[in-house]
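Below is one structure; the comments refer to it alone.
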Amino acid sequence: MGNILEFLIRTDVWMGTIVVVLVPVGFTVLSNKLKELRKKTHKRKEQHFIQNFTLSPKISANVEQIKAIVGDSSDIIFRQFKLGMDNRSCSIVYIDGLVDQHLLQQSILHPLLNTKQVKSGLNFFKTESIKDFLMLHTIEVSDVKVVKETDKMVRQLLSGSVLLLVDGLAEVFVLSVKKWILRGMEEPITETLVRGPRMGFIENLRDNTAMLRRMTTDPNLTFTDFEVGERTKRQLTVTYLKDIANEKLLEEVKERINNLDIDHAAETGYIEQLIEDDYLSIFPQVQSTERPDRVMAAILEGRIAILLDGTPYALIVPTTFSMMLQSPEDYYERWIPMSLIRMLRYVAAFLSVFLPSFYIAFVSFHQGLIPTDLALAIAGTRIGVPFPTIIEALLMEVSIELLREAGLRLPRPVGQTVGLVGALIIGEAAVQAGLVSPIMVIVVAATAIASFVSPQYGAGIALRVLRFLAMFSAAFLGLYGISLFFLAICVHTVKLRSFGVPYITPGTLYSKDDWKDFFLRMPLFTMRKRPTEYFPKDQVRRKKY
Amino acid sequence: MAKQKMKRNIFAGLIVLLFLSGCWDSSDIEDMSFVIGFGFDSSENEETPIKHTTQIAVTKKKGEQAGAQQGKMYQDITLEGNSLHDILRSISLQLPYPVYTDHLASIVINQETAERYDLSILLDQILRDNVTRLSPVVVLSKQQASDVLGTNIEGEIPSSYIGNIFDNETSTMKMLPPVRVGDIAANISSHVSFVLPNVTKEKNTILVHGAGVISGKNNKLVGYLTDDEVQGINWVTGKGKGGLLNFKDEKDNTIIYEVQHYKTKVEPLYKDGRLAFRVKVTSQGWISEDWSQSSNNLSERYVQKLEHLAEKKVVKLMEDTMKKLQNEYQSDVIEFHDSFRISYPRDYQEMKKDWDKYFADADVTYDAKIKIINTGDMVKD
């Protein structure tokens with residue numbers, strides 16, 4: 001009894017108990033909270049950011065209404081004038097900077113001001129016929145809509161269209177003469193290739209769809225538009241080949257996009273995070289790319305691309321782990337070197353996750369597994385290092401990550417300096433000062449280089465996070481810990497799905513044909529069928545050979 | 001829902017339990033003493049019959065790497081005691097770090113000690129210990145094992161030096177294949193006789209020289225073999241990896257035949273209680289040296305003559321060795337029991353106990369076939 005009491009009053013016992021109880025309870029509470037947040041449906045009413053009003057035949061009233069809605073912004077131009085033929089008052093409204101001034105002058109203002117009555121049976125003084133006359137004879141713009149809904153009209157105005165209000169008409173002409181400053185097309189810097197098109201998406205959605213359209217004349221290439229962002233209403237386009245993409249997949253994608261609930265989507269990253277399957281997973285379940293050729297190849301496989309106005313990044317779903325280690329160049333170069341390079345990428349991915357943890361496991365748990373001479377050499381270099389291996393490894397890995405982040409954000413010339421200084425500090429000074437052992441520097445450097453091999457930035461980040469977890473598991477239980485960690489990853493990835501497709505397909509021996517394009521990139525003629533993992537409607541890619 | 005929550009809690013609890021173990025078995029590599037070699041000698045003191053030498057590698061300190069060549073690369077600790085484990089633990093009294101035997105490279109046993117003590121007793125701790133591997137080579141030594149391990153070889157640790165010598169088994173027939181702790185464990189437990197290579201310390205080096213025969217009956221050293229007899233053993237067992245055959249022609253000129261490839265087949269015959277073996281050796285190789293100054297003579301007849309001489313020499317080597325093994329030591333160290341067991345499994349079960357006796361009485365016939373496929377780069381007149 002006394003023993004039990006003595007045991008109970010020990011502080012470390014209580015600390016342990018608190019840790020054992022609090023940590024799992026905390027995790028559970030946190031995950032439940034997150035789940036609830038995600039599932040919570042909105043009770044609030046649908047918001048209307050634009051007041052509806054009814055258009056009156058009186059032009060001054062309409063102009064006043066529009067002014068009331070868009071406010072007194074200095075970039076909105078109201079221009080009143082009289083029609084050339086019957087002195088009827090008109091007004092054009094547009095946003096300065098979003099409109100092609102030259103075209104506005106030439107194709108809209110000039111004809112309207114100068115139209116003279118032509119020989120035709122039309123009676124100008126009747127309001128119905130003035131609408132037709134303007135549409136058919138006067139306005140020299142191809143994209144003309146006649147709109148009655150005022151909220152739509154205002155949206156159009158704010159996205160760069162010109163509104164033409166005519167006295168006596170309870171409708172508004174929406175003329176599209178959009179033009180604004182755009183970045184020119186460049187080679188995407190995050191996904192550079194040695195061989196392949198030097199094209200990259202830009203911020204304008206229409207140009208992006210045009211780029212895709214340029215790649216094929218297949219009438220099945222379909223763009224379906226959505227509007228996302230309750231307040232900002234951005235245009236989002238789902239792209240697919242309608243005779244290849246699986247219908248259920250398409251439905252699922254459309255449903256998830258329709259269920260999006262966000263006020264503003266600044267980048268496809270928002271969309272990605274809102275439509276992905278498992279928000280707790282460390283792996284990206286949606287592929288993002290800047291390359292039109294990659295998107296084209298994906299939709300030809302039966303996958304679906306999502307483009308958003310205002311960002312050069314397109315999303316591709318579904319995505320598997322092997323996608324993260326593939327580059328379009330794999331298909332552009334010959335198959336033997338590219339197969340080897342692809343295997344190299346798998347090795348690099350493995351190393352970038354596990355190399356430091358293997359070092360930790362070998363040096364602090366399994367010294368017997370190192371060849372004697374190397375063991376003695378490592379032991380020699382570690383003499384005088386004040387930290388255990390895990391601290392040493394963490395120190396180096398964290399400083400490498402710091403360097404990487406610093407180099408990323410700084411202006412390019414400064415970034416290089418930071419890299420140089422950092423390399424000096426890490427490589428030379430830390431060893432000289434006896435903080436870390438030289439072999440640790442080699443391990444960290446090799447890991448960093450291996451992690452740069454990843455052709456997708458998103459995948460690289462995921463692996464970087466996993467590396468730290470692997471290091472901790474190695475520090476706890478050595479190789480046994482690493483195997484447990486690896487098993488945990490395997491369990492997770494087997495369970496993880498991206499739009500219904502298991503994440504490590506075809507690693508799960510799902511289809512023998514898909515293995516031709518997994519670790520190896522077999523010759524093109526062998527890949528006669530589209531990958532079955534996406535259940536394409538049209539299976540056959542090539543008939544002959 | 002509540003059930004699921006419960007499950008989740010239990011699962012999370014289990015995960016946390018994993019971490020409670022802390023860094024199980026973790027110890028940093030610089031905080032251990034790497035044992036590279038063991039040496040066994042016997043001591044005169046009856047209380048402490050074993051004199052045991054532990055060779056520990058000195059890990060080079062940083063910044064001293066350049067000067068490390070002068071310093072000793074190892075540290076020998078010789079202690080006496082009556083139990084190996086006890087001695088090993090006593091070492092901890094004078095070392096800063098615990099001993100770690102995973103990198104053990106070789107075990108040197110003094111000949112006298114091997115004659116006096118049963119090997120299964122000497123090596124008992126090593127065989128039981130699950131950290132020490134079965135890979136260290138075991139050798140006998142003529143001098144005291146502590147002396148052999150103390151040989152001053154420039155830039156080498158003597159015990160790993162011994163282990164490395166056996167990498168040369170491809171270039172000489174005078175060296176037995178290395179015998180590892182695992183082999184000894186197997187032989188001891190099945191009461192089979194075997195040979196252990198012997199090393200000798202010469203001034204500043206260690207050389208492999210001859211061998212010792214360990215009897216399967218009492219696991220003690222019962223006799224020695226010379227270099228020539230080791231060659232004979234290699235020819236009979238067929239376990240050598242290649243080497244030279246030195247023979248003489250009728251005018252006493254030295255001729256060297258380099259074995260490229262050889263194979264030995266032992267055919268047992270057991271009839272009416274008489275045990276007989278037929279040893280068939282086939283070999284291919286080159287003539288690499290010929291002192292008879294007949295370098296121009298590349299005629300087929302001459303080559304055939306050489307082949308015949310070489311065959312005779314091989315048979316003689318084998319005969320001499322077998323004579324000693326059968327008559328003097330009565331120990332089957334050449335694994336004739338294995339081929340006999342395969343051919344006559346039932347009979348072997350009965351004869352297993354006294355196998356060495358049967359072996360001593362067996363008739364052995366020899367048959368060597370040597371083919372010279374190359375006489376070297378020679379220019380004919």
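A note on labels: chains of the structure tokens are A, B, ... as shown, every chain counts residues from 1, and ligands are counted from 1 in their shown order.
The residues of segment 101-203 of chain B that DSSP assigns to strand (DSSP E or B) on this backbone come out as Ser106, Ile107, Val108, Ile109, Asn110, Val137, Val138, Val139, Leu140, Ser141, Arg180, Phe194, Val195, Leu196, Pro197, Asn198, Val199, Thr200, Lys201 and Glu202 of chain B.
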Just C-alpha atoms for this one: save the residues we selected as a PDB file, in the first residue's frame.
ATOM      1  CA  SER B 106      38.880 -12.404 -35.879  1.00  0.00           C
ATOM      2  CA  ILE B 107      39.463 -14.656 -32.899  1.00  0.00           C
ATOM      3  CA  VAL B 108      42.992 -15.888 -32.275  1.00  0.00           C
ATOM      4  CA  ILE B 109      43.448 -18.995 -30.145  1.00  0.00           C
ATOM      5  CA  ASN B 110      46.844 -19.994 -28.870  1.00  0.00           C
ATOM      6  CA  VAL B 137      37.373 -15.845 -38.602  1.00  0.00           C
ATOM      7  CA  VAL B 138      38.933 -18.165 -36.068  1.00  0.00           C
ATOM      8  CA  VAL B 139      42.633 -18.948 -36.300  1.00  0.00           C
ATOM      9  CA  LEU B 140      45.192 -20.747 -34.183  1.00  0.00           C
ATOM     10  CA  SER B 141      48.439 -19.082 -33.303  1.00  0.00           C
ATOM     11  CA  ARG B 180      34.186 -18.664 -39.162  1.00  0.00           C
ATOM     12  CA  PHE B 194      37.758 -29.828 -38.694  1.00  0.00           C
ATOM     13  CA  VAL B 195      40.869 -27.820 -39.457  1.00  0.00           C
ATOM     14  CA  LEU B 196      41.667 -24.343 -38.280  1.00  0.00           C
ATOM     15  CA  PRO B 197      44.191 -22.156 -40.127  1.00  0.00           C
ATOM     16  CA  ASN B 198      47.254 -21.253 -38.165  1.00  0.00           C
ATOM     17  CA  VAL B 199      48.908 -17.842 -37.993  1.00  0.00           C
ATOM     18  CA  THR B 200      52.397 -16.930 -36.945  1.00  0.00           C
ATOM     19  CA  LYS B 201      53.782 -13.616 -35.921  1.00  0.00           C
ATOM     20  CA  GLU B 202      56.897 -12.575 -37.775  1.00  0.00           C
TER      21      GLU B 202
END
Query - Neighbours of chain A in chain B at 10 Å, counting only C-alpha atoms, as a PyMOL selection string - result: chain B and resi 5-6+8-34+36+57-65+100-105+131-133+160
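For Asn168 of chain B, the list of residues within 12 Å, based on only C-alpha atoms and with local chain neighbours fewer than 6 positions off taken out, reads Tyr161, Ile162, Lys174, Met175, Leu176, Pro177, Pro178, Leu207, Val208, Gly240, Lys241, Gly242 and Gly243 of chain B.
Coordinates place atom CA of Ile400 of chain A at a distance of 8.6 Å from atom CA of Ala445 of chain A.
The gap separating atom CA of Arg294 of chain A from atom CA of Tyr457 of chain A is 15.0 Å, in Å to one decimal.
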**Report entry** Residue set, segment 15-109 of chain B restricted to alpha helix (DSSP H), as a PyMOL selection string
**Finding:** chain B and resi 15-20+84-91
Output all heavy atoms for every residue in the selection just made, as a compact mmCIF listing (two decimals), in the first residue's frame.
# COMPACT_ATOMS: atom_id res chain seq x y z
N ILE B 15 -0.75 4.61 -30.00
CA ILE B 15 0.31 5.32 -30.69
C ILE B 15 1.22 6.01 -29.68
O ILE B 15 2.44 5.96 -29.75
CB ILE B 15 -0.29 6.38 -31.65
CG1 ILE B 15 -1.06 5.68 -32.74
CG2 ILE B 15 0.79 7.29 -32.21
CD1 ILE B 15 -0.26 5.25 -33.90
N VAL B 16 0.57 6.63 -28.67
CA VAL B 16 1.35 7.35 -27.68
C VAL B 16 2.22 6.38 -26.88
O VAL B 16 3.35 6.68 -26.52
CB VAL B 16 0.41 8.16 -26.78
CG1 VAL B 16 1.17 8.72 -25.60
CG2 VAL B 16 -0.21 9.27 -27.58
N LEU B 17 1.69 5.18 -26.64
CA LEU B 17 2.48 4.18 -25.93
C LEU B 17 3.80 3.91 -26.63
O LEU B 17 4.83 3.70 -25.99
CB LEU B 17 1.69 2.87 -25.84
CG LEU B 17 0.65 2.81 -24.74
CD1 LEU B 17 0.00 1.44 -24.72
CD2 LEU B 17 1.30 3.07 -23.39
N LEU B 18 3.75 3.95 -27.97
CA LEU B 18 4.97 3.73 -28.75
C LEU B 18 6.06 4.70 -28.33
O LEU B 18 7.21 4.35 -28.17
CB LEU B 18 4.67 3.97 -30.22
CG LEU B 18 4.41 2.75 -31.09
CD1 LEU B 18 4.16 3.19 -32.50
CD2 LEU B 18 5.60 1.83 -31.04
N PHE B 19 5.64 5.95 -28.13
CA PHE B 19 6.63 6.98 -27.84
C PHE B 19 7.17 6.86 -26.41
O PHE B 19 8.23 7.35 -26.10
CB PHE B 19 6.02 8.37 -28.05
CG PHE B 19 5.75 8.65 -29.48
CD1 PHE B 19 4.47 8.51 -30.00
CD2 PHE B 19 6.77 9.03 -30.32
CE1 PHE B 19 4.23 8.76 -31.33
CE2 PHE B 19 6.52 9.28 -31.65
CZ PHE B 19 5.27 9.14 -32.15
N LEU B 20 6.37 6.22 -25.56
CA LEU B 20 6.80 6.10 -24.17
C LEU B 20 8.08 5.29 -24.05
O LEU B 20 8.81 5.41 -23.09
CB LEU B 20 5.70 5.46 -23.34
CG LEU B 20 4.59 6.41 -22.92
CD1 LEU B 20 3.62 5.68 -22.03
CD2 LEU B 20 5.16 7.60 -22.20
N LEU B 84 34.82 -15.99 -19.70
CA LEU B 84 35.01 -14.99 -20.74
C LEU B 84 34.12 -13.77 -20.49
O LEU B 84 34.55 -12.63 -20.59
CB LEU B 84 34.71 -15.60 -22.10
CG LEU B 84 34.75 -14.63 -23.27
CD1 LEU B 84 36.09 -13.95 -23.37
CD2 LEU B 84 34.42 -15.34 -24.56
N HIS B 85 32.88 -14.04 -20.14
CA HIS B 85 31.95 -12.93 -19.95
C HIS B 85 32.39 -12.05 -18.80
O HIS B 85 32.30 -10.82 -18.86
CB HIS B 85 30.54 -13.47 -19.72
CG HIS B 85 29.49 -12.52 -20.16
ND1 HIS B 85 28.15 -12.76 -20.06
CD2 HIS B 85 29.60 -11.29 -20.71
CE1 HIS B 85 27.48 -11.75 -20.52
NE2 HIS B 85 28.32 -10.83 -20.92
N ASP B 86 32.88 -12.73 -17.76
CA ASP B 86 33.37 -11.99 -16.61
C ASP B 86 34.52 -11.06 -17.02
O ASP B 86 34.57 -9.90 -16.63
CB ASP B 86 33.83 -12.99 -15.56
CG ASP B 86 33.96 -12.34 -14.21
OD1 ASP B 86 33.16 -11.41 -13.95
OD2 ASP B 86 34.85 -12.73 -13.45
N ILE B 87 35.41 -11.60 -17.86
CA ILE B 87 36.54 -10.80 -18.31
C ILE B 87 36.06 -9.60 -19.13
O ILE B 87 36.50 -8.46 -18.95
CB ILE B 87 37.51 -11.66 -19.14
CG1 ILE B 87 38.14 -12.73 -18.24
CG2 ILE B 87 38.58 -10.81 -19.79
CD1 ILE B 87 38.90 -13.78 -18.99
N LEU B 88 35.10 -9.90 -20.02
CA LEU B 88 34.59 -8.82 -20.87
C LEU B 88 33.99 -7.70 -20.04
O LEU B 88 34.14 -6.52 -20.36
CB LEU B 88 33.55 -9.37 -21.85
CG LEU B 88 34.08 -10.15 -23.04
CD1 LEU B 88 32.94 -10.69 -23.88
CD2 LEU B 88 34.97 -9.26 -23.89
N ARG B 89 33.29 -8.11 -18.98
CA ARG B 89 32.68 -7.08 -18.14
C ARG B 89 33.73 -6.33 -17.33
O ARG B 89 33.56 -5.16 -17.02
CB ARG B 89 31.62 -7.69 -17.23
CG ARG B 89 30.37 -8.10 -17.97
CD ARG B 89 29.70 -6.89 -18.60
NE ARG B 89 28.85 -7.24 -19.72
CZ ARG B 89 27.54 -7.46 -19.61
NH1 ARG B 89 26.96 -7.37 -18.45
NH2 ARG B 89 26.84 -7.78 -20.67
N SER B 90 34.81 -7.04 -16.99
CA SER B 90 35.86 -6.37 -16.24
C SER B 90 36.52 -5.28 -17.08
O SER B 90 37.03 -4.29 -16.56
CB SER B 90 36.94 -7.35 -15.79
OG SER B 90 36.35 -8.48 -15.23
N ILE B 91 36.51 -5.47 -18.39
CA ILE B 91 37.09 -4.46 -19.27
C ILE B 91 36.39 -3.12 -19.06
O ILE B 91 37.01 -2.06 -19.10
CB ILE B 91 36.96 -4.90 -20.75
CG1 ILE B 91 37.79 -6.14 -20.98
CG2 ILE B 91 37.43 -3.79 -21.67
CD1 ILE B 91 37.60 -6.71 -22.36
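Atom pair atom CA of Glu329 of chain A / atom CA of Leu344 of chain A has a distance of 14.3 Å (rounded to one decimal).
Proximity of B:Leu269, B:Val259, B:Val333, B:Met73 to His191 of chain B, computed with only C-alpha atoms, is greatest for B:Val333.
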Shell around segment 357-366 of chain B at 9 Å using only C-alpha atoms, local window under 6 positions removed, as a PDB file with N, CA and C atoms, in the first residue's frame:
ATOM      1  N   ARG B 274      33.709 -52.946 -45.791  1.00  0.00           N
ATOM      2  CA  ARG B 274      34.933 -52.236 -46.172  1.00  0.00           C
ATOM      3  C   ARG B 274      34.538 -50.870 -46.726  1.00  0.00           C
ATOM      4  N   LEU B 275      35.209 -49.861 -46.244  1.00  0.00           N
ATOM      5  CA  LEU B 275      34.908 -48.518 -46.687  1.00  0.00           C
ATOM      6  C   LEU B 275      36.006 -48.057 -47.643  1.00  0.00           C
ATOM      7  N   ALA B 276      35.600 -47.574 -48.779  1.00  0.00           N
ATOM      8  CA  ALA B 276      36.588 -47.090 -49.736  1.00  0.00           C
ATOM      9  C   ALA B 276      36.124 -45.766 -50.316  1.00  0.00           C
ATOM     10  N   PHE B 277      37.090 -44.941 -50.647  1.00  0.00           N
ATOM     11  CA  PHE B 277      36.757 -43.663 -51.282  1.00  0.00           C
ATOM     12  C   PHE B 277      37.588 -43.507 -52.532  1.00  0.00           C
ATOM     13  N   ARG B 278      36.989 -42.876 -53.487  1.00  0.00           N
ATOM     14  CA  ARG B 278      37.702 -42.594 -54.702  1.00  0.00           C
ATOM     15  C   ARG B 278      37.654 -41.084 -54.907  1.00  0.00           C
ATOM     16  N   VAL B 279      38.818 -40.472 -54.916  1.00  0.00           N
ATOM     17  CA  VAL B 279      38.872 -39.022 -55.052  1.00  0.00           C
ATOM     18  C   VAL B 279      39.247 -38.681 -56.482  1.00  0.00           C
ATOM     19  N   LYS B 280      38.370 -37.959 -57.140  1.00  0.00           N
ATOM     20  CA  LYS B 280      38.622 -37.597 -58.530  1.00  0.00           C
ATOM     21  C   LYS B 280      38.823 -36.096 -58.619  1.00  0.00           C
ATOM     22  N   VAL B 281      39.993 -35.724 -59.107  1.00  0.00           N
ATOM     23  CA  VAL B 281      40.270 -34.297 -59.245  1.00  0.00           C
ATOM     24  C   VAL B 281      40.398 -33.974 -60.720  1.00  0.00           C
ATOM     25  N   VAL B 315      48.483 -36.057 -56.841  1.00  0.00           N
ATOM     26  CA  VAL B 315      48.164 -37.311 -56.153  1.00  0.00           C
ATOM     27  C   VAL B 315      49.070 -37.491 -54.944  1.00  0.00           C
ATOM     28  N   MET B 318      47.976 -35.317 -52.092  1.00  0.00           N
ATOM     29  CA  MET B 318      46.769 -35.822 -51.439  1.00  0.00           C
ATOM     30  C   MET B 318      47.099 -37.047 -50.601  1.00  0.00           C
ATOM     31  N   GLU B 319      47.929 -37.902 -51.160  1.00  0.00           N
ATOM     32  CA  GLU B 319      48.274 -39.132 -50.438  1.00  0.00           C
ATOM     33  C   GLU B 319      48.970 -38.820 -49.115  1.00  0.00           C
ATOM     34  N   MET B 322      46.528 -37.462 -46.643  1.00  0.00           N
ATOM     35  CA  MET B 322      45.574 -38.449 -46.145  1.00  0.00           C
ATOM     36  C   MET B 322      46.249 -39.426 -45.203  1.00  0.00           C
ATOM     37  N   LYS B 323      47.494 -39.746 -45.495  1.00  0.00           N
ATOM     38  CA  LYS B 323      48.229 -40.677 -44.640  1.00  0.00           C
ATOM     39  C   LYS B 323      48.279 -40.122 -43.217  1.00  0.00           C
ATOM     40  N   LEU B 325      46.348 -37.798 -41.930  1.00  0.00           N
ATOM     41  CA  LEU B 325      45.021 -37.661 -41.326  1.00  0.00           C
ATOM     42  C   LEU B 325      44.488 -39.003 -40.853  1.00  0.00           C
ATOM     43  N   GLN B 326      44.725 -40.043 -41.692  1.00  0.00           N
ATOM     44  CA  GLN B 326      44.147 -41.333 -41.353  1.00  0.00           C
ATOM     45  C   GLN B 326      44.953 -42.023 -40.256  1.00  0.00           C
ATOM     46  N   ASN B 327      46.266 -41.976 -40.395  1.00  0.00           N
ATOM     47  CA  ASN B 327      47.072 -42.742 -39.467  1.00  0.00           C
ATOM     48  C   ASN B 327      47.385 -41.991 -38.184  1.00  0.00           C
ATOM     49  N   GLU B 328      47.804 -40.756 -38.362  1.00  0.00           N
ATOM     50  CA  GLU B 328      48.285 -40.058 -37.181  1.00  0.00           C
ATOM     51  C   GLU B 328      47.148 -39.441 -36.356  1.00  0.00           C
ATOM     52  N   TYR B 329      46.267 -38.673 -37.074  1.00  0.00           N
ATOM     53  CA  TYR B 329      45.261 -37.913 -36.312  1.00  0.00           C
ATOM     54  C   TYR B 329      43.915 -38.597 -36.281  1.00  0.00           C
ATOM     55  N   GLN B 330      43.684 -39.521 -37.221  1.00  0.00           N
ATOM     56  CA  GLN B 330      42.398 -40.212 -37.310  1.00  0.00           C
ATOM     57  C   GLN B 330      41.228 -39.236 -37.216  1.00  0.00           C
ATOM     58  N   SER B 331      41.337 -38.190 -38.037  1.00  0.00           N
ATOM     59  CA  SER B 331      40.269 -37.196 -38.014  1.00  0.00           C
ATOM     60  C   SER B 331      39.860 -36.884 -39.446  1.00  0.00           C
ATOM     61  N   ASP B 332      38.601 -36.998 -39.666  1.00  0.00           N
ATOM     62  CA  ASP B 332      38.088 -36.686 -41.004  1.00  0.00           C
ATOM     63  C   ASP B 332      37.790 -35.190 -41.068  1.00  0.00           C
ATOM     64  N   PHE B 336      34.645 -36.185 -45.777  1.00  0.00           N
ATOM     65  CA  PHE B 336      34.270 -37.431 -46.446  1.00  0.00           C
ATOM     66  C   PHE B 336      32.940 -37.937 -45.902  1.00  0.00           C
ATOM     67  N   HIS B 337      32.689 -37.601 -44.634  1.00  0.00           N
ATOM     68  CA  HIS B 337      31.430 -38.057 -44.028  1.00  0.00           C
ATOM     69  C   HIS B 337      30.236 -37.501 -44.776  1.00  0.00           C
ATOM     70  N   MET B 351      27.142 -45.379 -38.291  1.00  0.00           N
ATOM     71  CA  MET B 351      28.590 -45.208 -38.168  1.00  0.00           C
ATOM     72  C   MET B 351      28.974 -43.822 -37.659  1.00  0.00           C
TER      73      MET B 351
END
Report task. Mind checking which residues fall within 8 Å of Ile271 of chain A, counting only C-alpha atoms, ignoring those fewer than 4 positions away in the same chain, and posting them as a PyMOL selection string? Result -> chain A and resi 257+260+265+267+275
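Around Pro502 of chain A, within 12 Å and counting only C-alpha atoms, the residues found are Asp277, Gln285, Pro318, Thr319, Thr320, Phe321, Ser322, Cys490, Val491, His492, Thr493, Val494, Lys495, Leu496, Arg497, Gly507, Thr508, Leu509, Tyr510, Glu533 and Tyr534 of chain A, once anything fewer than 5 positions away on its own chain is removed.
Considering only C-alpha atoms, the residue among A:Leu98, A:Phe499, A:Arg155, A:Ile449 positioned nearest to Ala348 of chain A is A:Ile449.
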